[in-house]
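Asker: Please read through the structure below; I'll follow up with questions.
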Amino acid sequence: MFDHVFRSGAIGGLTLPHRIVMGAMHLNLEALEDGGAALAAFYAERAGGGAALIVTGGTAVSPAGAGGPGYGMVGDPSHRAALRRAADAVHAAGGLIALQLFHAGRYALPGVAGTDGGAPFAPSAVYSRFSRTTPREMSADDIAETVADFARGAEAARELGFDAVEVMGSEGYLINQFTAPLTNRREDAWGGDAERRRRFPVEVMRAVRAAVPGFPVLFRMSGADLVEDGTPPQDTAALAVALAEAGADALAVGVGWHESPVPTVQAQVPEGTWAVFAKDVKRALRGAGHGAVPVIASNRFNRLSQADEVLAGGEVDYVAMARPFLADPAIVATSRAGRAEAVDLCIACNEACIDRSFGTERVSCLVNPRAGYEAEFAATAAPGASARRRYAVVGAGIAGLQAARTLLALGHEVEVFEAGAEPGGQFRLAGQVPGKRDFAQTVRHHVAELAEHGAVLHLNHRIGHKDAALLAAFEGVVLASGVLPVRPALPGLALPHVIDYAQAFADPDALGERVAVIGGGGIAVDLAHLLTAGRAATSTPEEFLAAHAVTGGSPSAAPARPARAVTVMRRGGRVGAGIGPSTRWVAMAELRAAGVETLVGVEYEEITREGVVVRDAEGGHRLVRADHVVLAAGQEPERDARHALLRAGVPFEAAGGVTGADRLNAVRATAEGLRAAHRL
Ligand code: SF4
C-alpha cells in the first residue's frame, strides 16, 4: 500500500526514508518563554510519528522580518536555545529537521515586537490589505543586508544542529514580493523586468549556498501567486531554473498569497488542487536539464492515498503535508502500518491553526487538541500511573467524544451516554454541508475508535434524575451534554412551518422552496449552504480551477437558479461573524454565488403563515416570504444531566456547550473535552 510514498529518496546529502515531508507551520510556540519545551515536544512527536523531514515554522532572519510577536527570530538567544532544543528532540526521536528561514516583508505587522518598531519594508511601497500597512521601499543597503541575513540564518541553522534549511520564498512573503509586478515596481537592479525581479531570490539562494556549502538547502517558491499582477507563469518557470542553477537542493512549491481572492487551504478547495503547479515547476526543470532537482508539492494534501496518487505520476518527487500532522502526528506511521482508516483527518477548518497563526494564540487543532500542548498532556498513561478506572461521559457530541477517547488513551474504562439516536451532536450536522464531508468522517472515526478500545456507547439515553444510581456506579463523569436550540419569544412561533435548525438538518429535503432562517451564526451559514447544495460548490480540482479562472479557464457560466430561495437574517453584527477569518470570506462568497440573501440589523416582529415580518434598520417593514421558517438564533446549555450528577454525588468535570453556549465552537469543545478528561 502507498508504494510511491514509501520509497526512500535524497535531498542534498540527506537520505529520506519516504516521500512525505512535514510542511512549515507557524505555531506561536516559537517565542514562548518555556525554554523551548513546547516546541521540542511538538516536533519530537511528529518525528516519532514518521515524518521524513520536518520543516519548522518560519523563523525570521531579522527582527524586521518577523510575521508577528509570536515568531521566532534566528538572532534572538532565547529563540536559538529553543530551536536547538527542538532539533535535538527531533534527532532523539529519529527524525530530520530543516529550519525555515523567513522574512515577511510587507506582511510583517507594524508596531508589534519583532518588526523593529518601524514600518515593515518591501521591494516597493505597495499597501497590503493583509497587514493593513504600506511598507517603506527597501534601499539597496536594505537589500544587501537582507540577503546577508538569510546567509547568516543558514549558518545559524547548521550551528544549531538542524539538518537543512528551507528558504521561504512563496505565499506572498518578502522574496515572493520581489518576483511579482504587483509588489515590485522598482526600476533599478532589483526590478523592472522579469530577470531583475528574480534577482533577489536568486541572490538569496546564492548567498545561502555559499554560506553553508554542502548543507541541504530547500527553496519554497510560489507556483502561482493567485493575485492580479502576480508573478507570470513564464517567470515562475524561469525562477525555478535559476534557483536550481544557484544551488537549490530541492524546490518546494506553494501557492497563493494572503491577499488572494482564490481560496487555497479551505475545505471548499478540492484536495490535490494545487499539485498542477508543482508539476509545472518539475516540467520547467526537466526542460532546462535540471530534472534531478527534487520538487515538493504542497497545499491541500490530506491523505496519504492522494499523495501516493500524485507521486505515482512521477511529475513530483515529494509531497509536503502540514496541517495533517497537526491533526495526527502519526499519520505516516499509522498509514504505513496499514491502518490509514485510523488516522485523525485534518478537516481543513483552519479554526485552531491558520486562524490562530495570524494572532498570538497557541496553534492547536480541532480534532487533536493536544497539538501544541504535548508537553502538558500525556498521550497515554504514564508507566506506573494510577489504576484503570471506570468513567462515564454524558453526551457524544464532539466534546464528549474527545473526552472519551482521551480517557481510553489514558487506560480507563469508558461508557458514553447520548440522548440522541446518533453520536456527533452539532458537529455531525456540519458533516452534511457540501465541502465538510470530513466532519462526518471525524465522528465516524471517533466512534470506531471508541468501539475498538472497548468503550460502550449508549444511544437514545438522555441522562436525567432517574439515572442518579446509574451514575453513582462510576468513579467520575465528564459532563458534555451539549446545548439546545433557543426558541426566541416571537408571535407565530407555534405555526406548523416553524422548525428549529436541528429539525432542518435532519430532513433538509422536506423544506419548501422559500426558507427564512432566523439567526446568522455559523449554523445558519452551514444550513444555507446545505439548502442550496450543488449550486456553488465545485468538487474536482479541474472544476475548481476553472471556476476561479486559475489555469487559463474562464469562470463558469452563471450559476443555475438556486433550488431554494434562502434568506438568512440577523439582528446585529455580521452574518457568519463567528467563523474564522480564513474561512468566512469563502463561505460568504459561496452563499452569494448560490443566491442566498442576507439581512442584518433587523428586528423580528412576527412569524405569519406567509413568512417573517421584520423591521429593518431604517424602521421599514418587510415580509420575508417563506414556506419554512428555521430558528437558528442561539443555544442554551442542556442542564438536566448536571442535576442528575449533583444528586448522584459523583465527581464530574464539564466540557463543551454545557459550560456555556457563548462563543461555543468545536475547537473550544474538543479542547475542553481533553482537559476535562485529564482533570478527572
Ligand atoms: Fe486541520 Fe482544523 Fe486541525 Fe487545522 S484545526 S489542522 S484545519 S483539523
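In the C-alpha cells, chains take letters A, B, ... by order of appearance, with residues numbered from 1 within each chain and ligands from 1 in the order shown.
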So which residues are near ligand 1, meaning at most 7 Å away with only C-alpha atoms and all ligand atoms counted, given back as a ChimeraX atom specification?

Answerer: /A:323-324,326-327,345-354,364-368

Asker: Once DSSP has gone over the backbone, tell me which residues of range 50-231 of chain A are in alpha helix (DSSP H), as a tab-separated table (two decimals) with C-alpha atoms, in the first residue's frame.

Answerer:
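For reference, part_7.tsv as written:
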chain	number	residue	atom	x	y	z
A	77	PRO	CA	19.48	33.98	22.02
A	78	SER	CA	16.42	32.54	23.79
A	79	HIS	CA	14.82	31.58	20.47
A	80	ARG	CA	18.05	29.96	19.37
A	81	ALA	CA	18.10	27.92	22.56
A	82	ALA	CA	14.54	26.78	21.85
A	83	LEU	CA	15.44	25.88	18.27
A	84	ARG	CA	18.47	23.89	19.38
A	85	ARG	CA	16.29	22.01	21.86
A	86	ALA	CA	13.75	21.29	19.11
A	87	ALA	CA	16.43	19.99	16.74
A	88	ASP	CA	17.88	17.78	19.47
A	89	ALA	CA	14.45	16.42	20.35
A	90	VAL	CA	13.70	15.55	16.73
A	91	HIS	CA	17.01	13.75	16.40
A	92	ALA	CA	16.37	11.85	19.62
A	140	ALA	CA	19.97	48.99	-1.87
A	141	ASP	CA	21.58	48.63	1.56
A	142	ASP	CA	18.42	47.03	2.99
A	143	ILE	CA	18.50	44.52	0.16
A	144	ALA	CA	22.16	43.66	0.62
A	145	GLU	CA	21.71	43.36	4.38
A	146	THR	CA	18.66	41.12	4.00
A	147	VAL	CA	20.46	38.82	1.58
A	148	ALA	CA	23.22	38.56	4.18
A	149	ASP	CA	20.62	37.90	6.91
A	150	PHE	CA	19.42	34.82	5.04
A	151	ALA	CA	23.00	33.60	4.72
A	152	ARG	CA	23.62	34.15	8.43
A	153	GLY	CA	20.38	32.32	9.17
A	154	ALA	CA	21.60	29.29	7.27
A	155	GLU	CA	24.88	29.32	9.18
A	156	ALA	CA	22.96	29.53	12.43
A	157	ALA	CA	20.74	26.61	11.45
A	158	ARG	CA	23.73	24.41	10.81
A	159	GLU	CA	25.33	25.51	14.05
A	160	LEU	CA	22.11	24.80	15.99
A	174	LEU	CA	9.28	39.17	1.07
A	175	ILE	CA	11.03	37.06	-1.56
A	176	ASN	CA	7.78	36.49	-3.43
A	177	GLN	CA	7.10	40.24	-3.27
A	178	PHE	CA	10.20	40.76	-5.37
A	179	THR	CA	9.05	38.40	-8.15
A	194	ALA	CA	11.49	39.53	-15.09
A	195	GLU	CA	15.21	38.93	-14.76
A	196	ARG	CA	15.71	41.78	-12.33
A	197	ARG	CA	12.60	40.83	-10.35
A	199	ARG	CA	17.44	38.68	-8.88
A	200	PHE	CA	16.63	38.92	-5.15
A	201	PRO	CA	15.55	35.26	-4.72
A	202	VAL	CA	18.49	34.12	-6.77
A	203	GLU	CA	20.93	36.26	-4.78
A	204	VAL	CA	19.46	34.91	-1.54
A	205	MET	CA	19.85	31.37	-2.83
A	206	ARG	CA	23.44	32.01	-3.91
A	207	ALA	CA	24.35	33.64	-0.60
A	208	VAL	CA	22.84	30.79	1.40
A	209	ARG	CA	24.57	28.24	-0.80
A	210	ALA	CA	27.91	29.99	-0.32
A	211	ALA	CA	27.41	30.30	3.45

Asker: Excluding range 227-240 of chain A and any residue of its chain fewer than 5 positions from it, enumerate the residues within 8 Å of it, using only C-alpha atoms, and give them as a ChimeraX atom specification.

Answerer: /A:179-182,194,198,202,221-222,251,256-257,259-261,280-281,284-285

Asker: In terms of the shortest atom-to-atom distance over only C-alpha atoms, which of A:Ala563, A:Leu39, A:Ala626, A:Val319 is closest to Glu374 in chain A?

Answerer: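 Closest candidate: A:Leu39.
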
Asker: Please identify all polymer residues within 8 Å of His103 in chain A, counting only C-alpha atoms, omitting same-chain residues fewer than 6 positions from it, and present them as a CSV table (one decimal) with N, CA and C atoms, in the first residue's frame.

Answerer:
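Final output, saved to part.csv:
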chain,number,residue,atom,x,y,z
A,58,GLY,N,8.2,29.4,10.0
A,58,GLY,CA,9.1,30.4,9.6
A,58,GLY,C,9.9,31.0,10.7
A,59,THR,N,11.2,31.1,10.6
A,59,THR,CA,12.0,31.8,11.7
A,59,THR,C,12.6,33.0,11.0
A,60,ALA,N,12.3,34.1,11.6
A,60,ALA,CA,12.7,35.4,11.0
A,60,ALA,C,14.2,35.5,10.9
A,61,VAL,N,14.7,35.9,9.8
A,61,VAL,CA,16.2,36.1,9.7
A,61,VAL,C,16.6,37.5,10.2
A,62,SER,N,15.6,38.4,10.5
A,62,SER,CA,15.9,39.6,11.1
A,62,SER,C,14.7,40.1,11.9
A,64,ALA,N,13.0,42.7,11.6
A,64,ALA,CA,12.0,43.3,10.6
A,64,ALA,C,11.3,42.3,9.8
A,65,GLY,N,11.8,41.1,9.8
A,65,GLY,CA,11.1,40.0,9.0
A,65,GLY,C,10.1,39.2,9.7
A,66,ALA,N,10.0,39.4,11.1
A,66,ALA,CA,9.0,38.6,11.8
A,66,ALA,C,7.6,38.9,11.4
A,67,GLY,N,6.8,37.8,11.3
A,67,GLY,CA,5.4,38.0,10.9
A,67,GLY,C,4.5,38.5,12.0
A,168,MET,N,12.1,30.6,2.7
A,168,MET,CA,10.7,30.8,2.4
A,168,MET,C,10.6,31.9,1.3
A,173,TYR,N,5.3,36.4,0.8
A,173,TYR,CA,6.3,37.0,1.8
A,173,TYR,C,7.4,37.7,1.0
A,174,LEU,N,8.4,38.2,1.7
A,174,LEU,CA,9.3,39.2,1.1
A,174,LEU,C,9.8,38.7,-0.3
A,175,ILE,N,10.4,37.5,-0.3
A,175,ILE,CA,11.0,37.1,-1.6
A,175,ILE,C,10.0,37.0,-2.7

Asker: Could you check the closest approach to Phe2 in chain A for each of A:Glu171, A:Asp308, A:Glu33, A:Asp225 and tell me which residue wins, using only C-alpha atoms?

Answerer: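 Among the listed residues, the smallest separation from Phe2 in chain A belongs to A:Asp308.
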
Asker: Just the residues within 10 Å of range 513-520 of chain A, please, counting only C-alpha atoms, with nothing from its chain fewer than 2 positions along; format it as a compact mmCIF listing (two decimals) with N, CA and C atoms, in the first residue's frame.

Answerer:
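Okay, this is what ended up in result.txt:
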# COMPACT_ATOMS: atom_id res chain seq x y z
N PRO A 488 -36.72 31.86 20.41
CA PRO A 488 -36.96 33.26 20.79
C PRO A 488 -38.44 33.52 20.99
N HIS A 497 -45.13 25.63 10.19
CA HIS A 497 -43.96 25.71 9.29
C HIS A 497 -42.73 26.29 9.99
N VAL A 498 -42.79 26.42 11.33
CA VAL A 498 -41.63 26.91 12.09
C VAL A 498 -40.91 25.71 12.70
N ILE A 499 -39.65 25.57 12.40
CA ILE A 499 -38.87 24.44 12.92
C ILE A 499 -37.53 24.97 13.44
N ASP A 500 -36.84 24.15 14.24
CA ASP A 500 -35.51 24.61 14.66
C ASP A 500 -34.45 24.02 13.73
N TYR A 501 -33.22 24.50 13.89
CA TYR A 501 -32.17 24.12 12.94
C TYR A 501 -31.89 22.62 12.95
N ASP A 509 -34.56 17.97 2.76
CA ASP A 509 -35.38 17.84 1.55
C ASP A 509 -36.84 18.16 1.81
N ALA A 510 -37.23 18.10 3.09
CA ALA A 510 -38.64 18.35 3.40
C ALA A 510 -38.97 19.84 3.40
N LEU A 511 -37.94 20.68 3.32
CA LEU A 511 -38.20 22.12 3.37
C LEU A 511 -38.67 22.65 2.01
N GLY A 522 -22.75 30.64 12.60
CA GLY A 522 -22.15 29.59 11.79
C GLY A 522 -23.13 28.50 11.40
N ILE A 523 -24.07 28.18 12.30
CA ILE A 523 -25.04 27.13 11.99
C ILE A 523 -25.96 27.58 10.86
N ALA A 524 -26.38 28.84 10.90
CA ALA A 524 -27.25 29.36 9.85
C ALA A 524 -26.53 29.35 8.51
N VAL A 525 -25.26 29.71 8.53
CA VAL A 525 -24.49 29.71 7.27
C VAL A 525 -24.37 28.29 6.73
N ASP A 526 -24.07 27.34 7.62
CA ASP A 526 -23.99 25.94 7.19
C ASP A 526 -25.32 25.46 6.61
N LEU A 527 -26.39 25.83 7.28
CA LEU A 527 -27.71 25.39 6.81
C LEU A 527 -28.02 25.99 5.44
N ALA A 528 -27.70 27.25 5.26
CA ALA A 528 -27.94 27.89 3.96
C ALA A 528 -27.15 27.17 2.87
N LEU A 531 -28.93 23.89 2.13
CA LEU A 531 -30.21 24.05 1.41
C LEU A 531 -30.01 24.49 -0.03
N PRO A 562 -30.95 28.83 -8.06
CA PRO A 562 -30.95 28.04 -6.83
C PRO A 562 -32.24 27.24 -6.68
N ALA A 563 -32.09 26.05 -6.11
CA ALA A 563 -33.27 25.22 -5.89
C ALA A 563 -34.20 25.90 -4.89
N ARG A 564 -33.58 26.70 -4.01
CA ARG A 564 -34.39 27.36 -2.99
C ARG A 564 -33.98 28.81 -2.87
N ALA A 565 -34.94 29.61 -2.49
CA ALA A 565 -34.63 30.99 -2.13
C ALA A 565 -34.46 31.00 -0.62
N VAL A 566 -33.23 31.23 -0.17
CA VAL A 566 -32.94 31.20 1.26
C VAL A 566 -32.58 32.62 1.72
N THR A 567 -33.17 33.05 2.81
CA THR A 567 -32.83 34.34 3.41
C THR A 567 -32.32 34.09 4.82
N VAL A 568 -31.14 34.59 5.10
CA VAL A 568 -30.55 34.47 6.44
C VAL A 568 -30.60 35.84 7.09
N MET A 569 -31.17 35.89 8.30
CA MET A 569 -31.38 37.20 8.94
C MET A 569 -30.68 37.24 10.29
N ARG A 570 -30.20 38.40 10.64
CA ARG A 570 -29.51 38.55 11.92
C ARG A 570 -29.84 39.91 12.51
N ARG A 571 -29.98 39.95 13.81
CA ARG A 571 -30.28 41.23 14.48
C ARG A 571 -29.08 42.17 14.43
N GLY A 572 -27.93 41.67 14.90
CA GLY A 572 -26.76 42.54 14.98
C GLY A 572 -25.55 41.85 14.40
N GLY A 573 -24.50 42.60 14.19
CA GLY A 573 -23.24 42.02 13.71
C GLY A 573 -23.32 41.56 12.27
N ARG A 574 -22.38 40.74 11.90
CA ARG A 574 -22.30 40.26 10.52
C ARG A 574 -22.78 38.83 10.46
N VAL A 575 -23.34 38.45 9.34
CA VAL A 575 -23.70 37.04 9.16
C VAL A 575 -22.41 36.22 9.16
N GLY A 576 -22.41 35.12 9.92
CA GLY A 576 -21.23 34.26 9.98
C GLY A 576 -20.08 34.86 10.76
N ALA A 577 -20.39 35.80 11.68
CA ALA A 577 -19.31 36.52 12.37
C ALA A 577 -18.40 35.59 13.17
N GLY A 578 -18.92 34.47 13.64
CA GLY A 578 -18.10 33.58 14.47
C GLY A 578 -17.18 32.67 13.65
N VAL A 596 -28.10 33.28 -1.96
CA VAL A 596 -28.67 33.42 -0.61
C VAL A 596 -28.71 34.90 -0.25
N GLU A 597 -29.85 35.34 0.26
CA GLU A 597 -29.99 36.73 0.68
C GLU A 597 -29.63 36.83 2.16
N THR A 598 -28.88 37.85 2.53
CA THR A 598 -28.56 38.05 3.95
C THR A 598 -29.09 39.42 4.38
N LEU A 599 -29.72 39.45 5.54
CA LEU A 599 -30.25 40.71 6.09
C LEU A 599 -29.70 40.87 7.49
N VAL A 600 -29.06 41.99 7.77
CA VAL A 600 -28.56 42.23 9.13
C VAL A 600 -29.20 43.49 9.69
N TYR A 604 -37.20 41.20 14.49
CA TYR A 604 -38.26 40.29 14.08
C TYR A 604 -39.56 40.75 14.74
N GLY A 611 -44.62 34.05 6.13
CA GLY A 611 -43.18 34.18 6.34
C GLY A 611 -42.86 34.92 7.63
N VAL A 612 -41.84 35.79 7.57
CA VAL A 612 -41.41 36.53 8.77
C VAL A 612 -41.53 38.02 8.48
N VAL A 624 -40.62 38.78 4.76
CA VAL A 624 -39.71 37.83 4.10
C VAL A 624 -40.53 36.56 3.86
N ARG A 625 -40.92 36.34 2.63
CA ARG A 625 -41.81 35.22 2.34
C ARG A 625 -41.06 33.90 2.52
N ALA A 626 -41.75 32.94 3.14
CA ALA A 626 -41.09 31.66 3.40
C ALA A 626 -42.11 30.54 3.54
N ASP A 627 -41.77 29.40 2.97
CA ASP A 627 -42.59 28.20 3.19
C ASP A 627 -42.22 27.57 4.53
N HIS A 628 -40.93 27.75 4.90
CA HIS A 628 -40.49 27.28 6.21
C HIS A 628 -39.66 28.36 6.88
N VAL A 629 -39.83 28.49 8.18
CA VAL A 629 -39.03 29.41 8.98
C VAL A 629 -38.17 28.56 9.92
N VAL A 630 -36.87 28.74 9.85
CA VAL A 630 -35.96 27.92 10.67
C VAL A 630 -35.36 28.80 11.77
N LEU A 631 -35.43 28.31 12.99
CA LEU A 631 -34.86 29.03 14.12
C LEU A 631 -33.41 28.60 14.33
N ALA A 632 -32.51 29.54 14.18
CA ALA A 632 -31.09 29.27 14.45
C ALA A 632 -30.53 30.48 15.20
N ALA A 633 -31.29 30.86 16.22
CA ALA A 633 -30.99 32.12 16.91
C ALA A 633 -30.30 31.89 18.24
N GLY A 634 -29.48 30.89 18.30
CA GLY A 634 -28.71 30.68 19.52
C GLY A 634 -29.05 29.38 20.22

Asker: Of the residues A:Ala40, A:Ala104, A:Val456, A:Ala671, which is the one nearest to Ala655 in chain A, using only C-alpha atoms?

Answerer: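 The closest residue to Ala655 in chain A is A:Ala671.
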
Asker: Name the residues of range 143-178 of chain A that fall into strand (DSSP E) according to DSSP on the backbone, using the chain letters and numbers of this document, as a PyMOL selection string.

Answerer: chain A and resi 164-169

Asker: Could you save the residues just selected, with C-alpha atoms, as a tab-separated table (two decimals), in the first residue's frame?

Answerer:
chain	number	residue	atom	x	y	z
A	164	ALA	CA	18.79	21.51	6.38
A	165	VAL	CA	17.24	24.90	5.75
A	166	GLU	CA	14.27	25.93	3.68
A	167	VAL	CA	14.24	29.46	2.29
A	168	MET	CA	10.69	30.81	2.39
A	169	GLY	CA	10.03	32.40	-0.99

Asker: Any idea what's packed within 12 Å of range 385-391 of chain A, counting only C-alpha atoms, ignoring anything in its chain fewer than 4 positions away? Could you give it as a PyMOL selection string?

Answerer: chain A and resi 378+380-381+403-417+455-456+470-479+650-653+676-678+680

Asker: Nearest to Glu30 in chain A among A:Leu218, A:Arg362, A:Trp274, A:Arg286, with distances taken over only C-alpha atoms: which residue is it?

Answerer: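 Ranking A:Leu218, A:Arg362, A:Trp274, A:Arg286 by distance to Glu30 in chain A, first place goes to A:Arg362.
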
Asker: Fewer than 6 positions away in the same chain doesn't count, so skip those; otherwise give me all residues within 6 Å of range 421-430 of chain A, counting only C-alpha atoms, as number ranges by chain.

Answerer: A: 396-398, 440, 443, 459-460

Asker: Identify which of the residues A:Leu109, A:Ala320, A:Ala122, A:Leu99 lies closest to Pro216 in chain A, counting only C-alpha atoms when measuring atom-to-atom distances.

Answerer: A:Leu99
